[in-house]
file query_34.txt (compact mmCIF, C-alpha atoms)
# COMPACT_ATOMS: atom_id res chain seq x y z
CA MET A 1 49.14 13.04 14.94
CA THR A 2 49.98 16.73 14.53
CA ASN A 3 52.32 15.99 11.63
CA LEU A 4 49.63 14.00 9.85
CA ASN A 5 47.20 16.88 10.21
CA MET A 6 49.76 19.29 8.77
CA LEU A 7 50.38 17.06 5.75
CA ARG A 8 46.68 16.60 5.15
CA LYS A 9 45.99 20.31 5.31
CA ASN A 10 48.97 21.41 3.19
CA PRO A 11 49.71 18.59 0.76
CA LYS A 12 50.80 20.82 -2.12
CA ARG A 13 53.32 22.73 -0.03
CA PHE A 14 54.78 19.50 1.39
CA VAL A 15 55.16 17.94 -2.08
CA LYS A 16 56.80 21.09 -3.39
CA GLN A 17 59.37 21.15 -0.60
CA THR A 18 60.11 17.45 -1.12
CA GLN A 19 60.59 17.93 -4.85
CA ASN A 20 62.96 20.86 -4.26
CA TRP A 21 65.16 18.64 -2.08
CA PHE A 22 65.45 15.74 -4.53
CA ASN A 23 65.38 17.65 -7.81
CA SER A 24 67.53 20.68 -7.14
CA SER A 25 69.88 20.10 -4.24
CA GLY A 26 72.95 18.91 -6.14
CA LEU A 27 73.05 15.55 -4.41
CA LEU A 28 75.97 14.41 -6.57
CA LEU A 29 78.33 16.67 -4.66
CA TYR A 30 77.30 14.96 -1.44
CA VAL A 31 78.15 11.52 -2.86
CA LEU A 32 81.45 12.03 -4.72
CA PRO A 33 83.47 13.27 -1.71
CA PHE A 34 83.00 9.96 0.10
CA LEU A 35 85.92 8.63 -1.93
CA LEU A 36 88.09 11.11 -0.06
CA ILE A 37 87.18 9.44 3.22
CA LEU A 38 88.99 6.33 2.01
CA GLY A 39 91.96 8.47 1.07
CA THR A 40 91.97 10.07 4.50
CA ILE A 41 91.87 6.68 6.21
CA LYS A 42 94.71 5.40 4.02
CA ALA A 43 96.82 8.48 4.72
CA PHE A 44 96.13 8.14 8.44
CA ALA A 45 97.21 4.47 8.36
CA HIS A 46 100.51 5.45 6.73
CA GLY A 47 101.06 8.41 9.00
CA ASN A 48 100.92 10.82 6.06
CA LEU A 49 99.98 14.14 7.65
CA LEU A 50 99.88 16.04 4.33
CA GLY A 51 97.66 13.35 2.83
CA ILE A 52 95.28 13.57 5.79
CA ILE A 53 95.05 17.35 5.44
CA ILE A 54 94.55 17.25 1.66
CA ASN A 55 91.91 14.50 1.66
CA ALA A 56 90.01 15.71 4.73
CA GLY A 57 90.19 19.31 3.51
CA GLY A 58 88.96 18.27 0.07
CA TYR A 59 86.07 16.38 1.62
CA ALA A 60 85.06 19.41 3.68
CA ALA A 61 85.39 21.72 0.66
CA PHE A 62 83.16 19.52 -1.51
CA LEU A 63 80.50 19.40 1.21
CA LEU A 64 80.68 23.17 1.56
CA ALA A 65 80.25 23.52 -2.21
CA ALA A 66 77.27 21.15 -2.08
CA GLN A 67 75.58 23.26 0.59
CA ILE A 68 76.21 26.50 -1.32
CA LEU A 69 75.02 24.92 -4.57
CA ARG A 70 71.84 23.69 -2.89
CA ARG A 71 71.04 27.19 -1.67
CA GLY A 72 71.79 28.62 -5.09
CA LEU A 73 69.48 26.13 -6.81
CA GLN A 74 66.71 26.81 -4.31
CA ALA A 75 67.05 30.55 -4.95
CA GLU A 76 66.92 29.88 -8.68
CA ASN A 77 63.76 27.76 -8.30
CA ILE A 78 62.04 30.60 -6.46
CA TYR A 79 63.21 33.02 -9.13
CA ARG A 80 61.85 30.84 -11.95
CA GLU A 81 58.46 30.32 -10.30
CA LYS A 82 57.80 34.05 -10.06
CA ARG A 83 56.75 36.25 -12.91
CA VAL A 84 58.12 39.28 -11.09
CA ALA A 85 61.33 38.71 -9.19
CA ARG A 86 64.70 40.16 -8.33
CA ALA A 87 67.77 38.19 -9.31
CA PRO A 88 69.31 36.21 -6.41
CA LYS A 89 71.53 38.50 -4.37
CA TRP A 90 74.62 36.27 -4.51
CA PRO A 91 75.86 34.07 -7.42
CA LEU A 92 75.89 30.98 -5.23
CA LYS A 93 76.09 28.44 -8.05
CA THR A 94 79.14 30.21 -9.45
CA LEU A 95 80.73 30.27 -6.01
CA ALA A 96 80.10 26.54 -5.58
CA ALA A 97 81.60 25.86 -9.02
CA GLY A 98 84.70 27.86 -8.07
CA ILE A 99 85.14 25.86 -4.87
CA VAL A 100 84.78 22.56 -6.74
CA ALA A 101 87.26 23.67 -9.41
CA GLY A 102 89.82 24.87 -6.87
CA THR A 103 89.46 21.75 -4.75
CA THR A 104 89.82 19.49 -7.79
CA PHE A 105 92.99 21.32 -8.79
CA VAL A 106 94.53 20.94 -5.31
CA LEU A 107 93.61 17.25 -5.10
CA ALA A 108 95.07 16.55 -8.53
CA TRP A 109 98.29 18.50 -7.89
CA LEU A 110 99.10 17.85 -4.24
CA GLY A 111 97.06 14.71 -3.67
CA ALA A 112 97.55 12.71 -6.89
CA TYR A 113 100.85 14.41 -7.86
CA PHE A 114 99.82 15.32 -11.39
CA PRO A 115 101.88 18.00 -13.14
CA PHE A 116 100.82 21.58 -12.42
CA PHE A 117 99.27 22.33 -15.81
CA VAL A 118 97.54 18.95 -15.93
CA SER A 119 96.05 19.76 -12.52
CA ILE A 120 94.85 23.08 -13.88
CA ALA A 121 93.15 21.16 -16.69
CA PHE A 122 91.41 18.96 -14.12
CA GLY A 123 90.20 22.05 -12.28
CA ALA A 124 89.00 23.68 -15.49
CA GLY A 125 87.20 20.49 -16.44
CA ALA A 126 85.45 20.44 -13.06
CA LEU A 127 84.42 24.08 -13.52
CA LEU A 128 83.07 23.38 -17.00
CA GLY A 129 81.21 20.32 -15.73
CA MET A 130 79.55 22.36 -12.97
CA PHE A 131 78.35 24.98 -15.43
CA LEU A 132 77.14 22.37 -17.92
CA ARG A 133 75.27 20.47 -15.21
CA TYR A 134 73.82 23.31 -13.14
CA GLY A 135 74.07 26.37 -15.37
CA PHE A 136 74.77 29.98 -14.47
CA ASP A 137 73.10 32.07 -11.79
CA PRO A 138 70.22 34.23 -13.02
CA ARG A 139 71.43 37.83 -12.94
CA THR A 140 68.56 39.76 -14.54
CA GLN A 141 65.37 41.00 -12.96
CA LYS A 142 62.07 39.53 -14.10
CA THR A 143 59.24 41.97 -14.62
CA VAL A 144 56.20 42.48 -16.80
CA ALA A 145 55.40 45.16 -19.32
CA GLY A 146 53.99 48.32 -17.84
CA GLY A 147 55.03 48.69 -14.24
CA HIS A 148 52.56 51.60 -13.88
CA GLY A 149 55.00 53.64 -11.84
CA TYR A 150 56.14 50.80 -9.56
CA THR A 151 59.71 49.58 -9.52
CA ILE A 152 60.67 45.92 -9.50
CA GLU A 153 61.75 46.37 -5.87
CA GLU A 154 58.33 47.68 -4.85
CA ILE A 155 56.46 44.94 -6.70
CA SER A 156 58.70 42.17 -5.35
CA SER A 157 58.68 43.45 -1.76
CA THR A 158 54.87 43.77 -1.80
CA ILE A 159 54.44 40.22 -3.08
CA GLU A 160 57.04 38.79 -0.69
CA ALA A 161 55.45 40.50 2.31
CA ALA A 162 52.03 39.14 1.33
CA GLU A 163 53.46 35.63 0.84
CA ASN A 164 55.06 35.74 4.29
CA THR A 165 51.74 36.80 5.80
CA ILE A 166 49.94 33.94 4.05
CA LEU A 167 52.52 31.48 5.41
CA SER A 168 51.99 32.92 8.89
CA ILE A 169 48.24 32.36 8.54
CA GLU A 170 48.82 28.78 7.36
CA ASN A 171 51.18 28.09 10.25
CA ALA A 172 48.55 29.33 12.68
CA ASN A 173 45.93 27.25 10.87
CA ASN A 174 48.05 24.15 11.45
CA LYS A 175 47.60 24.65 15.20
CA ILE A 176 43.80 24.79 14.93
CA THR A 177 42.03 21.44 15.22
CA ASN A 178 38.60 22.55 13.97
CA ARG A 179 38.12 21.24 10.42
CA GLU A 180 35.52 23.87 9.56
CA PHE A 181 37.89 26.67 10.50
CA ASN A 182 40.75 24.95 8.67
CA ASP A 183 38.77 24.84 5.43
CA ARG A 184 37.65 28.45 5.70
CA ILE A 185 41.16 29.71 6.34
CA ASP A 186 42.48 27.61 3.46
CA ARG A 187 39.95 29.25 1.13
CA ILE A 188 40.99 32.70 2.32
CA CYS A 189 44.64 31.89 1.66
CA GLU A 190 43.79 30.53 -1.77
CA THR A 191 41.98 33.74 -2.65
CA ALA A 192 44.95 35.77 -1.46
CA ARG A 193 47.30 33.77 -3.67
CA ASN A 194 45.01 34.34 -6.66
CA ILE A 195 45.33 38.04 -6.01
CA LEU A 196 49.12 37.77 -5.87
CA ASP A 197 49.06 36.00 -9.24
CA GLU A 198 47.03 38.87 -10.67
CA MET A 199 49.48 41.39 -9.21
CA GLU A 200 52.38 39.66 -10.91
CA ALA A 201 50.58 39.47 -14.25
CA ASN A 202 49.08 42.96 -14.14
CA PRO A 203 50.97 45.65 -12.19
CA SER A 204 48.08 48.09 -12.70
CA THR A 205 46.29 46.31 -9.83
CA ILE A 206 49.10 46.89 -7.35
CA ARG A 207 47.77 50.06 -5.73
CA ARG A 208 44.40 48.45 -5.11
CA ALA A 209 45.88 45.09 -4.19
CA ARG A 210 48.28 46.55 -1.63
CA LYS A 211 45.44 48.16 0.30
CA PHE A 212 43.38 45.01 -0.07
CA LEU A 213 46.13 42.76 1.24
CA LEU A 214 47.14 45.05 4.07
CA VAL A 215 43.65 45.11 5.55
CA TYR A 216 42.50 41.58 4.78
CA LEU A 217 45.67 39.59 5.20
CA GLU A 218 46.94 41.42 8.26
CA GLY A 219 43.50 41.24 9.87
CA THR A 220 43.18 37.54 9.06
CA ASN A 221 46.70 36.88 10.31
CA LYS A 222 46.07 38.60 13.63
CA VAL A 223 42.74 36.94 14.32
CA THR A 224 43.92 33.48 13.20
CA THR A 225 47.14 33.66 15.18
CA GLY A 226 45.29 34.95 18.22
CA TYR A 227 42.71 32.18 18.07
CA ALA A 228 45.36 29.51 17.47
CA ASN A 229 47.25 30.64 20.57
CA THR A 230 44.23 30.93 22.87
CA HIS A 231 41.80 28.17 21.86
CA VAL A 232 44.01 25.44 23.31
CA GLN A 233 44.04 27.13 26.72
CA ALA A 234 40.43 28.30 26.62
CA ASP A 235 38.51 26.16 24.16
CA SER A 236 35.09 27.65 24.86
CA ILE A 237 31.97 27.62 22.72
CA GLU A 238 31.75 31.42 22.88
CA LEU A 239 35.34 31.85 21.67
CA ALA A 240 34.75 29.48 18.76
CA GLN A 241 31.52 31.25 17.79
CA ASN A 242 33.22 34.67 17.83
CA PHE A 243 35.98 33.30 15.62
CA ARG A 244 33.40 31.76 13.28
CA THR A 245 31.61 35.11 12.97
CA VAL A 246 34.80 36.94 12.10
CA LEU A 247 35.80 34.30 9.54
CA ASN A 248 32.36 34.52 7.96
CA SER A 249 32.80 38.24 7.52
CA ILE A 250 36.34 38.03 6.19
CA GLU A 251 35.63 35.19 3.79
CA SER A 252 32.52 36.75 2.28
CA VAL A 253 34.11 40.16 1.81
CA PHE A 254 37.28 38.51 0.50
CA LYS A 255 35.32 36.93 -2.34
CA GLU A 256 33.49 40.15 -3.12
CA GLN A 257 36.59 42.31 -3.12
CA LYS A 258 38.57 39.82 -5.17
CA ASP A 259 36.08 40.40 -8.01
CA LYS A 260 36.15 44.16 -7.51
CA LEU A 261 39.92 44.15 -7.48
CA LEU A 262 39.99 42.77 -11.01
CA GLN A 263 37.63 45.49 -12.21
CA GLU A 264 38.10 49.25 -12.50
CA ASP A 265 35.71 50.13 -9.67
CA LEU A 266 38.49 51.66 -7.57
CA PHE A 267 36.31 54.09 -5.58
CA ASP A 268 33.89 51.36 -4.51
CA LEU A 269 36.81 49.16 -3.51
CA ASP A 270 38.31 51.90 -1.35
CA VAL A 271 34.98 52.43 0.38
CA GLN A 272 34.54 48.72 1.05
CA ILE A 273 38.07 48.42 2.42
CA GLU A 274 37.42 51.32 4.80
CA VAL A 275 34.20 49.63 5.98
CA LEU A 276 35.98 46.34 6.58
CA ALA A 277 38.82 48.05 8.44
CA LYS A 278 36.31 49.64 10.81
CA GLN A 279 34.56 46.29 11.28
CA LEU A 280 37.82 44.53 12.15
CA LYS A 281 38.70 47.28 14.61
CA HIS A 282 35.27 46.95 16.19
CA GLU A 283 35.85 43.21 16.60
CA GLY A 284 39.20 43.97 18.20
CA ILE A 285 41.18 42.27 15.41
CA VAL A 286 43.22 45.23 14.14

call {"tool": "encode", "arguments": {"input": "query_34.txt", "output": "structure tokens"}}
result
Amino acid sequence: MTNLNMLRKNPKRFVKQTQNWFNSSGLLLYVLPFLLILGTIKAFAHGNLLGIIINAGGYAAFLLAAQILRRGLQAENIYREKRVARAPKWPLKTLAAGIVAGTTFVLAWLGAYFPFFVSIAFGAGALLGMFLRYGFDPRTQKTVAGGHGYTIEEISSTIEAAENTILSIENANNKITNREFNDRIDRICETARNILDEMEANPSTIRRARKFLLVYLEGTNKVTTGYANTHVQADSIELAQNFRTVLNSIESVFKEQKDKLLQEDLFDLDVQIEVLAKQLKHEGIV
């Protein structure tokens, strides 16, 4: 029942994760090595120790390459979805291609007994095939014109921290069984993501957005997580009403400040953020 509630409340996120698995995980590398299992069995039946080592080792190497490739493709998907992003830290697709090429060479030379240079050609062909099929790792940073004094590291870290906080709020929301609260929290998270989109498209909003997100998201995360952890043990009417009151305040001010954030009324925004921070402290949230 809990799983069904989670899927109903977060259908887009579930579909996205499913698509990442089937579309970008390099499933071919999980399938091809199964031929080496037959080779390992045959070598074992003939008592060929070298054949067992070569075939079993090749099987393990291909699976390792598949895992590394999958992580590299997932990192590339994240990179492509963002308008502001750092390049993946490690060239995982290139590493996977190197493992496949080296393994193919060894299998051709020591396993199939092809001449040395012919085996090198097999390895080179495997390397070329990997690059043609999966491409190269992205190595350049993605940014937008006019960073307004903020580096790519600062922009990316701000957005990543906010995304992690939103995920934390959604995870807490999954534990809450009140549909009204679920919908309100979903709307708050949607507004936050709209703000992140604006930050990526227009770095001039970053100074205002950082203050906005720190107060609103962190306050929402604390109160939502706290309610999710306590309402199961003490599901009282008073507790639910207090949580409803706080959500009312956060949601209404969220909408107001989202509009102000996209305008140039910086002073008014700062004042409103200070007022909200005091209100959240008074409620014991931050």

call {"tool": "residues_around", "arguments": {"input": "query_34.txt", "residues": "segment 48-53 of chain A", "least_positions_apart": "4", "cutoff": "12 Å", "atoms": "all atoms listed in the file", "output": "short mmCIF file (atom, residue, chain, number, x, y, z; two decimals) with C-alpha atoms, in the frame of the given file"}}
result
data_model
loop_
_atom_site.label_atom_id
_atom_site.label_comp_id
_atom_site.auth_asym_id
_atom_site.auth_seq_id
_atom_site.Cartn_x
_atom_site.Cartn_y
_atom_site.Cartn_z
CA LEU A 36 88.09 11.11 -0.06
CA ILE A 37 87.18 9.44 3.22
CA LEU A 38 88.99 6.33 2.01
CA GLY A 39 91.96 8.47 1.07
CA THR A 40 91.97 10.07 4.50
CA ILE A 41 91.87 6.68 6.21
CA LYS A 42 94.71 5.40 4.02
CA ALA A 43 96.82 8.48 4.72
CA PHE A 44 96.13 8.14 8.44
CA GLY A 57 90.19 19.31 3.51
CA GLY A 58 88.96 18.27 0.07
CA TYR A 59 86.07 16.38 1.62
CA ALA A 60 85.06 19.41 3.68
CA ALA A 61 85.39 21.72 0.66
CA VAL A 106 94.53 20.94 -5.31
CA LEU A 107 93.61 17.25 -5.10
CA TRP A 109 98.29 18.50 -7.89
CA LEU A 110 99.10 17.85 -4.24
CA GLY A 111 97.06 14.71 -3.67
CA ALA A 112 97.55 12.71 -6.89
CA TYR A 113 100.85 14.41 -7.86
#

call {"tool": "atom_distance", "arguments": {"input": "query_34.txt", "atom1": "atom CA of Lys82 of chain A", "atom2": "atom CA of Ala201 of chain A"}}
result
10.0 Å

call {"tool": "residues_around", "arguments": {"input": "query_34.txt", "residues": "Thr165 of chain A", "least_positions_apart": "5", "cutoff": "8 Å", "atoms": "all atoms listed in the file", "output": "PyMOL selection string"}}
result
chain A and resi 217-218+221

call {"tool": "closest_residue", "arguments": {"input": "query_34.txt", "among": "A:Leu128, A:Ile99, A:Leu167, A:Met199", "to": "Ile155 of chain A", "atoms": "all atoms listed in the file"}}
result
A:Met199

call {"tool": "atom_distance", "arguments": {"input": "query_34.txt", "atom1": "atom CA of Glu198 of chain A", "atom2": "atom CA of Ala172 of chain A"}}
result
25.3 Å

call {"tool": "atom_distance", "arguments": {"input": "query_34.txt", "atom1": "atom CA of Ser119 of chain A", "atom2": "atom CA of Phe105 of chain A"}}
result
5.1 Å

call {"tool": "residues_around", "arguments": {"input": "query_34.txt", "residues": "Val100 of chain A", "least_positions_apart": "4", "cutoff": "9 Å", "atoms": "all atoms listed in the file", "output": "PyMOL selection string"}}
result
chain A and resi 29+61-62+65-66+95-96+104-105+123+126-127+130

call {"tool": "write_last_selection", "arguments": {"input": "query_34.txt", "atoms": "C-alpha atoms", "output": "PDB file, keeping the file's coordinate frame"}}
result
ATOM      1  CA  LEU A  29      78.330  16.670  -4.660  1.00  0.00           C
ATOM      2  CA  ALA A  61      85.390  21.720   0.660  1.00  0.00           C
ATOM      3  CA  PHE A  62      83.160  19.520  -1.510  1.00  0.00           C
ATOM      4  CA  ALA A  65      80.250  23.520  -2.210  1.00  0.00           C
ATOM      5  CA  ALA A  66      77.270  21.150  -2.080  1.00  0.00           C
ATOM      6  CA  LEU A  95      80.730  30.270  -6.010  1.00  0.00           C
ATOM      7  CA  ALA A  96      80.100  26.540  -5.580  1.00  0.00           C
ATOM      8  CA  THR A 104      89.820  19.490  -7.790  1.00  0.00           C
ATOM      9  CA  PHE A 105      92.990  21.320  -8.790  1.00  0.00           C
ATOM     10  CA  GLY A 123      90.200  22.050 -12.280  1.00  0.00           C
ATOM     11  CA  ALA A 126      85.450  20.440 -13.060  1.00  0.00           C
ATOM     12  CA  LEU A 127      84.420  24.080 -13.520  1.00  0.00           C
ATOM     13  CA  MET A 130      79.550  22.360 -12.970  1.00  0.00           C
TER      14      MET A 130
END

call {"tool": "residues_around", "arguments": {"input": "query_34.txt", "residues": "Leu69 of chain A", "least_positions_apart": "3", "cutoff": "12 Å", "atoms": "only C-alpha atoms", "output": "MDAnalysis selection string"}}
result
chainID A and resid 21 24:30 62:66 72:76 90:100 130:131 133:137

call {"tool": "write_last_selection", "arguments": {"input": "query_34.txt", "atoms": "C-alpha atoms", "output": "PDB file, keeping the file's coordinate frame"}}
result
ATOM      1  CA  TRP A  21      65.160  18.640  -2.080  1.00  0.00           C
ATOM      2  CA  SER A  24      67.530  20.680  -7.140  1.00  0.00           C
ATOM      3  CA  SER A  25      69.880  20.100  -4.240  1.00  0.00           C
ATOM      4  CA  GLY A  26      72.950  18.910  -6.140  1.00  0.00           C
ATOM      5  CA  LEU A  27      73.050  15.550  -4.410  1.00  0.00           C
ATOM      6  CA  LEU A  28      75.970  14.410  -6.570  1.00  0.00           C
ATOM      7  CA  LEU A  29      78.330  16.670  -4.660  1.00  0.00           C
ATOM      8  CA  TYR A  30      77.300  14.960  -1.440  1.00  0.00           C
ATOM      9  CA  PHE A  62      83.160  19.520  -1.510  1.00  0.00           C
ATOM     10  CA  LEU A  63      80.500  19.400   1.210  1.00  0.00           C
ATOM     11  CA  LEU A  64      80.680  23.170   1.560  1.00  0.00           C
ATOM     12  CA  ALA A  65      80.250  23.520  -2.210  1.00  0.00           C
ATOM     13  CA  ALA A  66      77.270  21.150  -2.080  1.00  0.00           C
ATOM     14  CA  GLY A  72      71.790  28.620  -5.090  1.00  0.00           C
ATOM     15  CA  LEU A  73      69.480  26.130  -6.810  1.00  0.00           C
ATOM     16  CA  GLN A  74      66.710  26.810  -4.310  1.00  0.00           C
ATOM     17  CA  ALA A  75      67.050  30.550  -4.950  1.00  0.00           C
ATOM     18  CA  GLU A  76      66.920  29.880  -8.680  1.00  0.00           C
ATOM     19  CA  TRP A  90      74.620  36.270  -4.510  1.00  0.00           C
ATOM     20  CA  PRO A  91      75.860  34.070  -7.420  1.00  0.00           C
ATOM     21  CA  LEU A  92      75.890  30.980  -5.230  1.00  0.00           C
ATOM     22  CA  LYS A  93      76.090  28.440  -8.050  1.00  0.00           C
ATOM     23  CA  THR A  94      79.140  30.210  -9.450  1.00  0.00           C
ATOM     24  CA  LEU A  95      80.730  30.270  -6.010  1.00  0.00           C
ATOM     25  CA  ALA A  96      80.100  26.540  -5.580  1.00  0.00           C
ATOM     26  CA  ALA A  97      81.600  25.860  -9.020  1.00  0.00           C
ATOM     27  CA  GLY A  98      84.700  27.860  -8.070  1.00  0.00           C
ATOM     28  CA  ILE A  99      85.140  25.860  -4.870  1.00  0.00           C
ATOM     29  CA  VAL A 100      84.780  22.560  -6.740  1.00  0.00           C
ATOM     30  CA  MET A 130      79.550  22.360 -12.970  1.00  0.00           C
ATOM     31  CA  PHE A 131      78.350  24.980 -15.430  1.00  0.00           C
ATOM     32  CA  ARG A 133      75.270  20.470 -15.210  1.00  0.00           C
ATOM     33  CA  TYR A 134      73.820  23.310 -13.140  1.00  0.00           C
ATOM     34  CA  GLY A 135      74.070  26.370 -15.370  1.00  0.00           C
ATOM     35  CA  PHE A 136      74.770  29.980 -14.470  1.00  0.00           C
ATOM     36  CA  ASP A 137      73.100  32.070 -11.790  1.00  0.00           C
TER      37      ASP A 137
END
